[in-house]
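Source file: input_16.txt; contents: compact mmCIF, C-alpha atoms.
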# COMPACT_ATOMS: atom_id res chain seq x y z
CA MET S 1 -75.75 -143.14 -164.89
CA ALA S 2 -72.32 -144.29 -163.80
CA ASN S 3 -73.85 -147.23 -161.97
CA ASN S 4 -75.58 -148.37 -165.09
CA LYS S 5 -72.26 -148.40 -166.96
CA ILE S 6 -70.59 -150.48 -164.24
CA ILE S 7 -73.42 -152.97 -164.28
CA SER S 8 -73.16 -153.21 -168.05
CA VAL S 9 -69.41 -153.90 -167.89
CA ILE S 10 -69.85 -156.62 -165.24
CA SER S 11 -72.58 -158.23 -167.27
CA TYR S 12 -70.38 -158.18 -170.34
CA ILE S 13 -67.46 -159.83 -168.50
CA THR S 14 -69.72 -162.49 -167.05
CA ILE S 15 -71.15 -163.33 -170.45
CA MET S 16 -67.65 -163.56 -171.95
CA PHE S 17 -66.44 -165.87 -169.14
CA ILE S 18 -69.39 -168.20 -169.58
CA THR S 19 -68.86 -168.22 -173.36
CA ILE S 20 -65.14 -169.06 -173.04
CA PHE S 21 -65.74 -171.81 -170.40
CA ALA S 22 -68.47 -173.37 -172.47
CA GLY S 23 -66.26 -173.31 -175.52
CA SER S 24 -63.33 -174.91 -173.69
CA TYR S 25 -65.57 -177.61 -172.26
CA ALA S 26 -66.97 -178.29 -175.67
CA ILE S 27 -63.53 -178.51 -177.22
CA SER S 28 -62.29 -180.79 -174.40
CA SER S 29 -65.33 -183.00 -174.78
CA LEU S 30 -64.79 -183.08 -178.48
CA VAL S 31 -61.10 -183.99 -178.12
CA GLN S 32 -61.90 -186.68 -175.54
CA LYS S 33 -64.64 -188.02 -177.78
CA PHE S 34 -62.28 -188.50 -180.68
CA ALA S 35 -59.03 -189.41 -178.66
CA THR S 36 -57.76 -193.02 -178.85
CA CYS S 37 -55.19 -195.23 -177.10
CA ASP S 38 -51.70 -193.86 -177.76
CA VAL S 39 -48.63 -192.68 -175.90
CA GLU S 40 -50.34 -189.49 -174.79
CA HIS S 41 -53.59 -191.22 -173.87
CA ILE S 42 -52.29 -194.41 -172.33
CA ASN S 43 -55.14 -194.42 -169.88
CA LEU S 44 -57.43 -195.22 -172.81
CA CYS S 45 -55.53 -198.45 -173.49
CA THR S 46 -57.87 -200.51 -171.41
CA THR S 47 -57.23 -203.98 -172.86
CA GLU S 48 -54.13 -205.94 -173.75
CA SER S 49 -54.99 -205.99 -177.47
CA ILE S 50 -55.56 -202.22 -177.65
CA CYS S 51 -52.35 -201.63 -175.69
CA THR S 52 -50.08 -203.91 -177.72
CA SER S 53 -51.58 -202.81 -181.08
CA ASN S 54 -50.25 -199.35 -180.31
CA ASN S 55 -46.74 -200.68 -179.63
CA LEU S 56 -47.17 -200.33 -175.91
CA TYR S 57 -46.63 -202.95 -173.18
CA TRP S 58 -49.27 -204.76 -171.23
CA TRP S 59 -48.33 -206.13 -167.78
CA ASP S 60 -49.81 -206.24 -164.30
CA GLU S 61 -53.32 -205.73 -165.83
CA SER S 62 -52.50 -202.29 -167.29
CA CYS S 63 -50.75 -200.65 -170.21
CA HIS S 64 -47.23 -199.22 -169.88
CA LEU S 65 -44.76 -197.27 -172.00
CA ASN S 66 -41.90 -199.65 -171.16
CA LYS S 67 -41.37 -203.36 -170.87
CA LYS S 68 -41.87 -204.96 -167.52
CA PRO S 69 -38.60 -204.79 -165.54
CA LYS S 70 -36.82 -208.09 -165.24
CA SER S 71 -36.87 -209.76 -161.81
CA PRO S 72 -33.70 -208.96 -159.86
CA ILE S 73 -31.06 -211.67 -159.84
CA CYS S 74 -27.98 -212.49 -157.75
CA SER S 75 -25.68 -209.50 -158.04
CA LYS S 76 -23.73 -207.14 -155.84
CA GLU S 77 -26.85 -204.96 -155.71
CA TYR S 78 -29.06 -207.93 -154.82
CA ILE S 79 -26.59 -209.97 -152.81
CA HIS S 80 -29.41 -211.44 -150.74
CA LEU S 81 -30.47 -213.37 -153.87
CA CYS S 82 -27.12 -215.19 -154.02
CA THR S 83 -28.43 -218.16 -152.10
CA THR S 84 -25.83 -220.77 -153.07
CA LYS S 85 -22.06 -220.91 -153.03
CA ASN S 86 -21.89 -221.22 -156.83
CA LEU S 87 -24.11 -218.18 -157.45
CA CYS S 88 -22.10 -216.18 -154.96
CA GLU S 89 -18.67 -217.07 -156.29
CA GLU S 90 -19.72 -216.64 -159.96
CA ILE S 91 -19.98 -212.90 -159.33
CA LYS S 92 -16.66 -212.84 -157.48
CA LEU S 93 -18.13 -212.57 -154.01
CA TYR S 94 -17.38 -214.66 -150.91
CA TRP S 95 -19.40 -217.51 -149.47
CA TRP S 96 -19.06 -218.17 -145.73
CA ASP S 97 -21.33 -218.92 -142.79
CA GLU S 98 -23.98 -220.19 -145.25
CA SER S 99 -24.45 -216.81 -146.94
CA CYS S 100 -22.86 -214.54 -149.55
CA HIS S 101 -20.67 -211.59 -148.57
CA THR S 102 -18.81 -208.79 -150.34
CA ASN S 103 -15.72 -209.37 -148.19
CA GLU S 104 -13.65 -212.40 -147.27
CA LYS S 105 -14.45 -214.03 -143.96
CA PRO S 106 -12.61 -212.22 -141.19
CA LYS S 107 -9.91 -214.26 -139.54
CA PRO S 108 -11.01 -215.25 -136.02
CA VAL S 109 -9.37 -213.43 -133.14
CA CYS S 110 -9.50 -213.78 -129.39
CA SER S 111 -13.15 -213.31 -128.45
CA LYS S 112 -15.94 -214.98 -126.51
CA GLU S 113 -16.67 -217.03 -129.63
CA TYR S 114 -13.03 -217.97 -130.17
CA ILE S 115 -11.85 -218.22 -126.59
CA TYR S 116 -9.21 -220.80 -127.54
CA LEU S 117 -7.35 -218.01 -129.38
CA CYS S 118 -6.95 -216.05 -126.15
CA ASP S 119 -3.56 -217.58 -125.49
CA THR S 120 -2.14 -214.98 -123.12
CA GLU S 121 -3.37 -213.61 -119.83
CA ASN S 122 -3.71 -210.07 -121.22
CA LEU S 123 -5.78 -211.13 -124.24
CA CYS S 124 -8.01 -213.22 -122.01
CA GLU S 125 -8.65 -210.56 -119.41
CA ASP S 126 -9.15 -207.83 -122.04
CA ILE S 127 -12.42 -209.53 -123.05
CA GLY S 128 -13.54 -209.97 -119.45
CA PHE S 129 -12.62 -213.64 -119.11
CA TYR S 130 -10.46 -215.46 -116.57
CA TRP S 131 -6.94 -216.78 -116.93
CA TRP S 132 -6.04 -219.87 -114.90
CA ASP S 133 -4.18 -223.13 -115.42
CA ASN S 134 -2.39 -221.48 -118.37
CA SER S 135 -5.55 -221.06 -120.43
CA CYS S 136 -8.53 -218.72 -120.82
CA HIS S 137 -11.91 -219.57 -119.31
CA SER S 138 -15.37 -217.98 -119.30
CA ASN S 139 -15.73 -218.68 -115.59
CA GLU S 140 -13.61 -218.01 -112.56
CA LYS S 141 -11.45 -220.86 -111.34
CA PRO S 142 -13.55 -223.14 -109.15
CA LYS S 143 -12.61 -223.16 -105.54
CA PRO S 144 -11.17 -226.56 -104.66
CA GLU S 145 -13.47 -228.82 -102.72
CA PRO S 146 -12.03 -230.58 -99.67
CA SER S 147 -10.65 -233.95 -100.73
CA GLU S 148 -12.82 -236.93 -99.96
CA TYR S 149 -9.65 -239.06 -99.89
CA PRO S 150 -6.96 -236.86 -98.30
CA ASP S 151 -4.52 -239.65 -97.42
CA TYR S 152 -4.93 -241.43 -100.74
CA ASP S 153 -4.59 -238.17 -102.69
CA SER S 154 -1.40 -237.35 -100.82
CA LEU S 155 0.35 -240.47 -102.13
CA GLU S 156 1.21 -238.91 -105.47
CA ASP S 157 3.56 -236.48 -103.71
CA LEU S 158 5.42 -239.16 -101.76
CA ASN S 159 8.33 -241.48 -102.49
CA SER S 160 7.36 -245.10 -103.12
CA LEU S 161 8.81 -248.60 -103.04
CA ILE S 162 7.04 -251.59 -104.60
CA ILE S 163 7.49 -254.60 -102.32
CA ILE S 164 5.50 -257.23 -104.23
CA LYS S 165 3.69 -257.13 -107.57
CA ASP S 166 1.44 -259.65 -109.35
CA LYS S 167 2.17 -262.69 -107.18
CA ILE S 168 -0.12 -265.69 -106.64
CA SER S 169 -0.71 -266.48 -102.97
CA TRP S 170 -3.03 -268.80 -101.04
CA SER S 171 -3.24 -271.35 -98.25
CA PRO S 172 -4.18 -274.76 -99.70
CA GLU S 173 -6.32 -276.84 -97.34
CA GLY S 174 -5.76 -274.15 -94.73
CA LYS S 175 -2.48 -275.79 -93.72
CA ILE S 176 0.36 -273.55 -92.58
CA GLU S 177 3.03 -275.71 -94.20
CA LYS S 178 1.39 -275.31 -97.62
CA ILE S 179 0.92 -271.53 -97.54
CA ILE S 180 2.37 -269.71 -100.58
CA ALA S 181 3.86 -266.69 -98.83
CA TYR S 182 6.56 -264.04 -99.50
CA GLN S 183 9.29 -262.62 -97.30
CA LYS S 184 11.25 -259.41 -97.91
CA GLN S 185 14.08 -257.74 -95.99
CA LEU S 186 13.65 -253.97 -95.86
CA GLU S 187 16.44 -251.51 -95.12
CA SER S 188 15.37 -248.28 -93.42
CA VAL S 189 17.66 -245.23 -93.67
CA GLY S 190 17.16 -241.78 -92.17
CA GLN S 191 14.18 -240.33 -90.38
CA PHE S 192 10.63 -240.40 -91.76
CA ALA S 193 7.75 -237.94 -91.46
CA LYS S 194 5.10 -240.41 -92.62
CA ILE S 195 4.80 -243.90 -94.09
CA TYR S 196 1.77 -245.61 -95.65
CA LEU S 197 1.19 -249.24 -96.59
CA TYR S 198 -0.89 -249.58 -99.78
CA ALA S 199 -2.13 -252.96 -101.03
CA GLU S 200 -4.18 -254.28 -103.94
CA VAL S 201 -5.36 -257.89 -103.74
CA SER S 202 -7.93 -259.95 -105.62
CA ILE S 203 -9.38 -263.37 -106.27
CA ASN S 204 -10.38 -264.09 -109.87
CA ASP S 205 -9.90 -260.38 -110.57
CA LYS S 206 -12.57 -259.54 -108.02
CA PRO S 207 -12.49 -258.21 -104.46
CA LEU S 208 -11.76 -260.52 -101.55
CA THR S 209 -14.79 -261.93 -99.76
CA GLN S 210 -15.34 -262.69 -96.08
CA TYR S 211 -13.53 -266.00 -96.71
CA GLU S 212 -10.23 -264.33 -97.68
CA SER S 213 -7.85 -261.88 -96.04
CA LEU S 214 -4.45 -260.26 -96.57
CA TYR S 215 -1.88 -261.19 -93.92
CA VAL S 216 1.07 -258.85 -93.30
CA LYS S 217 3.68 -258.90 -90.52
CA LEU S 218 6.67 -256.64 -89.97
CA ASP S 219 9.20 -258.03 -87.51
CA ASN S 220 6.57 -260.44 -86.27
CA GLU S 221 4.05 -257.68 -85.54
CA GLY S 222 0.71 -257.74 -87.40
CA GLY S 223 -1.70 -260.25 -88.87
CA HIS S 224 -4.82 -260.31 -91.06
CA LEU S 225 -5.37 -256.68 -92.09
CA PHE S 226 -8.79 -255.45 -90.95
CA ARG S 227 -10.41 -254.06 -94.07
CA PRO S 228 -13.22 -251.90 -92.57
CA GLN S 229 -10.62 -249.65 -90.93
CA SER S 230 -8.63 -249.02 -94.09
CA LEU S 231 -8.23 -245.33 -94.81
CA LYS S 232 -10.80 -244.07 -97.30
CA ILE S 233 -9.91 -244.64 -100.96
CA PRO S 234 -11.92 -244.65 -104.22
CA ALA S 235 -13.88 -247.80 -104.99
CA ASP S 236 -12.48 -250.31 -107.43
CA THR S 237 -13.19 -253.75 -108.90
CA ILE S 238 -10.61 -255.35 -106.60
CA THR S 239 -9.77 -254.96 -102.92
CA ARG S 240 -7.62 -251.91 -102.18
CA LEU S 241 -6.31 -251.10 -98.70
CA LEU S 242 -4.44 -248.12 -97.27
CA TYR S 243 -3.03 -247.74 -93.76
CA ALA S 244 -0.88 -245.19 -92.01
CA ILE S 245 1.63 -247.56 -90.48
CA ASN S 246 1.55 -245.91 -87.04
CA ASN S 247 -1.90 -247.47 -86.55
CA VAL S 248 -2.50 -250.72 -88.43
CA PRO S 249 -5.65 -252.69 -87.41
CA TYR S 250 -5.50 -256.46 -87.77
CA LEU S 251 -6.98 -259.75 -86.61
CA GLU S 252 -4.71 -262.32 -85.03
CA THR S 253 -6.56 -265.45 -86.15
CA VAL S 254 -8.85 -266.83 -88.85
CA PRO S 255 -11.55 -267.21 -89.87
CA TYR S 256 -11.50 -263.58 -90.93
CA SER S 257 -14.64 -261.69 -89.91
CA GLU S 258 -15.50 -258.03 -90.03
CA ASN S 259 -17.66 -258.58 -86.96
CA LYS S 260 -14.56 -259.18 -84.87
CA THR S 261 -12.76 -256.46 -82.93
CA PRO S 262 -9.28 -255.76 -84.30
CA ILE S 263 -6.16 -254.87 -82.42
CA ALA S 264 -3.64 -252.32 -83.70
CA THR S 265 0.12 -252.18 -84.09
CA ASN S 266 2.56 -249.35 -84.71
CA TRP S 267 4.99 -250.29 -87.46
CA PHE S 268 6.28 -246.73 -87.76
CA GLN S 269 8.56 -247.22 -84.74
CA LEU S 270 10.37 -250.02 -86.61
CA PHE S 271 11.64 -247.66 -89.33
CA LYS S 272 14.68 -246.25 -87.57
CA ASN S 273 17.91 -245.16 -89.16
CA ASN S 274 19.91 -248.11 -90.54
CA SER S 275 17.32 -250.70 -89.48
CA ILE S 276 16.56 -254.04 -91.18
CA ILE S 277 12.88 -255.01 -91.07
CA THR S 278 11.47 -258.38 -92.09
CA LEU S 279 8.16 -258.38 -93.96
CA ASN S 280 6.07 -261.56 -94.34
CA THR S 281 2.85 -261.66 -96.33
CA PHE S 282 0.32 -264.00 -97.94
CA ILE S 283 -3.38 -264.23 -98.74
CA SER S 284 -5.43 -266.48 -96.51
CA SER S 285 -7.59 -268.24 -99.11
CA LEU S 286 -8.54 -271.82 -99.98
CA LYS S 287 -8.26 -270.91 -103.67
CA PRO S 288 -5.47 -269.16 -105.56
CA ALA S 289 -5.58 -265.40 -105.12
CA THR S 290 -3.33 -262.53 -106.27
CA ILE S 291 -1.25 -259.95 -104.47
CA ASN S 292 -1.50 -257.32 -107.18
CA LYS S 293 0.61 -254.79 -105.30
CA ILE S 294 2.09 -254.02 -101.92
CA ILE S 295 3.74 -250.60 -101.82
CA PHE S 296 5.25 -248.41 -99.13
CA TYR S 297 4.76 -244.65 -99.62
CA TYR S 298 6.84 -242.29 -97.50
CA ASN S 299 8.44 -238.90 -97.11
CA CYS S 300 11.27 -237.73 -94.95
CA ALA S 301 11.49 -235.68 -91.81
CA GLU S 302 12.79 -232.14 -92.26
CA ASP S 303 16.49 -232.06 -93.15
CA SER S 304 16.65 -235.88 -93.41
CA ASN S 305 17.63 -237.91 -96.46
CA CYS S 306 15.52 -240.99 -95.88
CA SER S 307 14.82 -244.11 -97.93
CA ILE S 308 13.36 -247.62 -97.80
CA LYS S 309 15.07 -250.28 -99.85
CA ILE S 310 14.71 -254.02 -100.36
CA ASP S 311 17.85 -255.53 -98.93
Output the file's structure as structure tokens, nothing else.
Amino acid sequence: MANNKIISVISYITIMFITIFAGSYAISSLVQKFATCDVEHINLCTTESICTSNNLYWWDESCHLNKKPKSPICSKEYIHLCTTKNLCEEIKLYWWDESCHTNEKPKPVCSKEYIYLCDTENLCEDIGFYWWDNSCHSNEKPKPEPSEYPDYDSLEDLNSLIIIKDKISWSPEGKIEKIIAYQKQLESVGQFAKIYLYAEVSINDKPLTQYESLYVKLDNEGGHLFRPQSLKIPADTITRLLYAINNVPYLETVPYSENKTPIATNWFQLFKNNSIITLNTFISSLKPATINKIIFYYNCAEDSNCSIKID
């Protein structure tokens, strides 16, 4: 008997649930059937005309409650849109390095980018660079290469005396009596450690050829300087010669030829304390040539105050 009552109750509840669900569905279907495009049923605004006729907004192929947002423009929020200097500065921002910034351009300081601002050794080394020759460098100081011209390079540290400069010299018709030559009296004082003879000569502003030679004698010792045995010096557009005067190679006679074997003289022994030395020189040439320079370079022996002067 009790079971029958329970079954009756369950049946009743089931019937009521079905009745309520069916009613709700019917009501919902009825509401949906009669609902139209409005604020609450914006999904029913399926065309632009239906949407806008209900005071709504049609954009991006659908209906919306609000107007379409405006495209972002150059502003502090959208600084990336400030693509010109004028746009940037109109909103009181700062244009530098071809873009807009909220801050002024930082002043450059000592750095790898601004190495020229590293003007002290400490600043330079603090960024891992190298200080040498009173400036900052990204690389270590190169190790000096051995000089290709050691004697020539040493001249800048020596005393010097110009003997002749910019003089025309030649030997017309090859006759001794017509030679345009120069004589100088040199006064030697003190003791010397080294002496060099340096000469620049030319013909028509060009080097001497096999037909010309520079003739130099000191106290009647010397002759036509043998060019192949000049000490090594940088090339030039005229003839340049350099000799350590303790071993000066020369030819005694003309015609000058680099195929001949020179002899050598030691002029260094002539430069004694309080000595007078006679220098004679000319260019052996059948056409006018130029003695651009003849210079003695020297330095003194230790504890000696030496000099060479033109008497």
For stretch 62-64 of chain S, find every residue with an atom within 8 Å (counting only C-alpha atoms), except residues of its own chain fewer than 5 positions away, and show them as a list of chain:residue names. S:Ile42, S:Asn43, S:Cys45, S:Thr46, S:Thr47, S:Glu48, S:Cys51, S:Leu56, S:Tyr57
Rounded to one decimal, what separation in Å do you get between atom CA of S:Tyr152 and atom CA of S:Val201? 16.7 Å
May I ask for the distance between atom CA of S:Leu286 and atom CA of S:Val216, given in Å to one decimal place? 17.5 Å
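Using all atoms listed in the file, the protein and nucleic acid residues lying no more than 10 Å from S:Lys92, apart from those fewer than 2 places from it along its own chain, are Ser75, Lys76, Asn86, Leu87, Cys88, Glu89, Glu90, Tyr94, Trp95, His101, Thr102 and Asn103 of chain S.
Taking atom CA of S:Leu241 and atom CA of S:Leu197 as endpoints, the distance between them is 8.0 Å.
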Within 12 Å of stretch 130-133 of chain S using all atoms listed in the file, minus same-chain residues under 4 positions, as a PDB file with C-alpha atoms, keeping the file's coordinate frame:
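After the write, around31.pdb holds the following:
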ATOM      1  CA  LYS S 112     -15.940-214.980-126.510  1.00  0.00           C
ATOM      2  CA  ILE S 115     -11.850-218.220-126.590  1.00  0.00           C
ATOM      3  CA  TYR S 116      -9.210-220.800-127.540  1.00  0.00           C
ATOM      4  CA  CYS S 118      -6.950-216.050-126.150  1.00  0.00           C
ATOM      5  CA  ASP S 119      -3.560-217.580-125.490  1.00  0.00           C
ATOM      6  CA  THR S 120      -2.140-214.980-123.120  1.00  0.00           C
ATOM      7  CA  GLU S 121      -3.370-213.610-119.830  1.00  0.00           C
ATOM      8  CA  ASN S 122      -3.710-210.070-121.220  1.00  0.00           C
ATOM      9  CA  LEU S 123      -5.780-211.130-124.240  1.00  0.00           C
ATOM     10  CA  CYS S 124      -8.010-213.220-122.010  1.00  0.00           C
ATOM     11  CA  GLU S 125      -8.650-210.560-119.410  1.00  0.00           C
ATOM     12  CA  ASP S 126      -9.150-207.830-122.040  1.00  0.00           C
ATOM     13  CA  HIS S 137     -11.910-219.570-119.310  1.00  0.00           C
ATOM     14  CA  SER S 138     -15.370-217.980-119.300  1.00  0.00           C
ATOM     15  CA  ASN S 139     -15.730-218.680-115.590  1.00  0.00           C
ATOM     16  CA  GLU S 140     -13.610-218.010-112.560  1.00  0.00           C
ATOM     17  CA  LYS S 141     -11.450-220.860-111.340  1.00  0.00           C
ATOM     18  CA  PRO S 142     -13.550-223.140-109.150  1.00  0.00           C
ATOM     19  CA  LYS S 143     -12.610-223.160-105.540  1.00  0.00           C
TER      20      LYS S 143
END
Which is closer to S:Asn204 than all the others in S:Leu161, S:Leu270, S:Ile233, S:Ile291, using only C-alpha atoms?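 For S:Asn204, the nearest of the given residues is S:Ile291.
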Selected residue of minimal separation from S:Lys194 among S:Thr237, S:Asn266, S:Ser169, S:Asn299, counting all atoms listed in the file: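 Counting all atoms listed in the file, the residue closest to S:Lys194 is S:Asn299.
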Which neighbours of stretch 189-193 of chain S fall inside 6 Å, counting all atoms listed in the file, when residues of the same chain fewer than 4 positions from it are skipped, and could you give them as a PyMOL selection string? chain S and resi 273-274+299-301+304-307
Pick from S:Ala289, S:Pro146, S:His80, S:Ser49, whichever lies nearest to S:Lys206 using all atoms listed in the file: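 Answer, going by the shortest atom-to-atom distance: S:Ala289.
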Distance criterion (all atoms listed in the file): nearest to S:Ile277 out of S:Thr36, S:Asn220, S:Ser160, S:Ser111: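 Residue with the minimum atom-to-atom distance to S:Ile277: S:Asn220.
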For a cut-off of 9 Å around (5.7, -252.5, -89.8), file coordinates, pick out all residues using only C-alpha atoms and list them as a CSV table (one decimal) with C-alpha atoms, in the frame of the given file.
chain,number,residue,atom,x,y,z
S,197,LEU,CA,1.2,-249.2,-96.6
S,216,VAL,CA,1.1,-258.8,-93.3
S,217,LYS,CA,3.7,-258.9,-90.5
S,218,LEU,CA,6.7,-256.6,-90.0
S,219,ASP,CA,9.2,-258.0,-87.5
S,220,ASN,CA,6.6,-260.4,-86.3
S,221,GLU,CA,4.0,-257.7,-85.5
S,222,GLY,CA,0.7,-257.7,-87.4
S,245,ILE,CA,1.6,-247.6,-90.5
S,246,ASN,CA,1.6,-245.9,-87.0
S,248,VAL,CA,-2.5,-250.7,-88.4
S,265,THR,CA,0.1,-252.2,-84.1
S,266,ASN,CA,2.6,-249.4,-84.7
S,267,TRP,CA,5.0,-250.3,-87.5
S,268,PHE,CA,6.3,-246.7,-87.8
S,269,GLN,CA,8.6,-247.2,-84.7
S,270,LEU,CA,10.4,-250.0,-86.6
S,271,PHE,CA,11.6,-247.7,-89.3
S,277,ILE,CA,12.9,-255.0,-91.1
S,278,THR,CA,11.5,-258.4,-92.1
S,279,LEU,CA,8.2,-258.4,-94.0
Give me the residues within 12 Å of S:Thr253 as a compact mmCIF listing (two decimals) with C-alpha atoms, in the coordinates of the input, counting only C-alpha atoms and dropping any in the same chain fewer than 5 places off.
# COMPACT_ATOMS: atom_id res chain seq x y z
CA SER S 213 -7.85 -261.88 -96.04
CA LEU S 214 -4.45 -260.26 -96.57
CA TYR S 215 -1.88 -261.19 -93.92
CA GLY S 222 0.71 -257.74 -87.40
CA GLY S 223 -1.70 -260.25 -88.87
CA HIS S 224 -4.82 -260.31 -91.06
CA LEU S 225 -5.37 -256.68 -92.09
CA PHE S 226 -8.79 -255.45 -90.95
CA LYS S 260 -14.56 -259.18 -84.87
CA THR S 261 -12.76 -256.46 -82.93
CA PRO S 262 -9.28 -255.76 -84.30
CA ILE S 263 -6.16 -254.87 -82.42
CA SER S 284 -5.43 -266.48 -96.51
Distance criterion (only C-alpha atoms): nearest to S:Ser171 out of S:Ala244, S:Ile91, S:Ile283, S:Val254: S:Ile283
Completed stretch 77-95 of chain S (N, CA and C atoms) as a JSON list (two decimals), in the frame of the given file:
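The resulting file, rebuild26.json, is reproduced below:
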[["chain", "number", "residue", "atom", "x", "y", "z"],
["S", 77, "GLU", "N", -25.75, -205.80, -156.17],
["S", 77, "GLU", "CA", -26.85, -204.96, -155.71],
["S", 77, "GLU", "C", -27.89, -205.79, -154.97],
["S", 78, "TYR", "N", -28.06, -207.03, -155.43],
["S", 78, "TYR", "CA", -29.06, -207.93, -154.82],
["S", 78, "TYR", "C", -28.36, -209.16, -154.24],
["S", 79, "ILE", "N", -27.41, -208.88, -153.35],
["S", 79, "ILE", "CA", -26.59, -209.97, -152.81],
["S", 79, "ILE", "C", -27.43, -210.98, -152.03],
["S", 80, "HIS", "N", -28.56, -210.53, -151.51],
["S", 80, "HIS", "CA", -29.41, -211.44, -150.74],
["S", 80, "HIS", "C", -30.01, -212.55, -151.61],
["S", 81, "LEU", "N", -29.95, -212.34, -152.96],
["S", 81, "LEU", "CA", -30.47, -213.37, -153.87],
["S", 81, "LEU", "C", -29.42, -214.42, -154.23],
["S", 82, "CYS", "N", -28.20, -214.21, -153.75],
["S", 82, "CYS", "CA", -27.12, -215.19, -154.02],
["S", 82, "CYS", "C", -27.21, -216.26, -152.93],
["S", 83, "THR", "N", -28.06, -217.22, -153.16],
["S", 83, "THR", "CA", -28.43, -218.16, -152.10],
["S", 83, "THR", "C", -27.63, -219.45, -152.11],
["S", 84, "THR", "N", -26.70, -219.59, -153.05],
["S", 84, "THR", "CA", -25.83, -220.77, -153.07],
["S", 84, "THR", "C", -24.38, -220.32, -153.24],
["S", 85, "LYS", "N", -23.50, -221.22, -152.90],
["S", 85, "LYS", "CA", -22.06, -220.91, -153.03],
["S", 85, "LYS", "C", -21.69, -220.62, -154.47],
["S", 86, "ASN", "N", -22.23, -221.41, -155.41],
["S", 86, "ASN", "CA", -21.89, -221.22, -156.83],
["S", 86, "ASN", "C", -22.35, -219.85, -157.33],
["S", 87, "LEU", "N", -23.62, -219.49, -157.02],
["S", 87, "LEU", "CA", -24.11, -218.18, -157.45],
["S", 87, "LEU", "C", -23.25, -217.06, -156.88],
["S", 88, "CYS", "N", -22.90, -217.20, -155.63],
["S", 88, "CYS", "CA", -22.10, -216.18, -154.96],
["S", 88, "CYS", "C", -20.72, -216.03, -155.60],
["S", 89, "GLU", "N", -20.05, -217.13, -155.79],
["S", 89, "GLU", "CA", -18.67, -217.07, -156.29],
["S", 89, "GLU", "C", -18.61, -216.74, -157.78],
["S", 90, "GLU", "N", -19.69, -216.99, -158.54],
["S", 90, "GLU", "CA", -19.72, -216.64, -159.96],
["S", 90, "GLU", "C", -19.62, -215.14, -160.17],
["S", 91, "ILE", "N", -20.07, -214.35, -159.19],
["S", 91, "ILE", "CA", -19.98, -212.90, -159.33],
["S", 91, "ILE", "C", -18.84, -212.35, -158.47],
["S", 92, "LYS", "N", -17.89, -213.24, -158.17],
["S", 92, "LYS", "CA", -16.66, -212.84, -157.48],
["S", 92, "LYS", "C", -16.91, -212.32, -156.06],
["S", 93, "LEU", "N", -17.91, -212.90, -155.40],
["S", 93, "LEU", "CA", -18.13, -212.57, -154.01],
["S", 93, "LEU", "C", -17.67, -213.75, -153.14],
["S", 94, "TYR", "N", -17.95, -213.70, -151.85],
["S", 94, "TYR", "CA", -17.38, -214.66, -150.91],
["S", 94, "TYR", "C", -18.48, -215.38, -150.13],
["S", 95, "TRP", "N", -18.40, -216.68, -150.17],
["S", 95, "TRP", "CA", -19.40, -217.51, -149.47],
["S", 95, "TRP", "C", -18.83, -218.01, -148.15]]
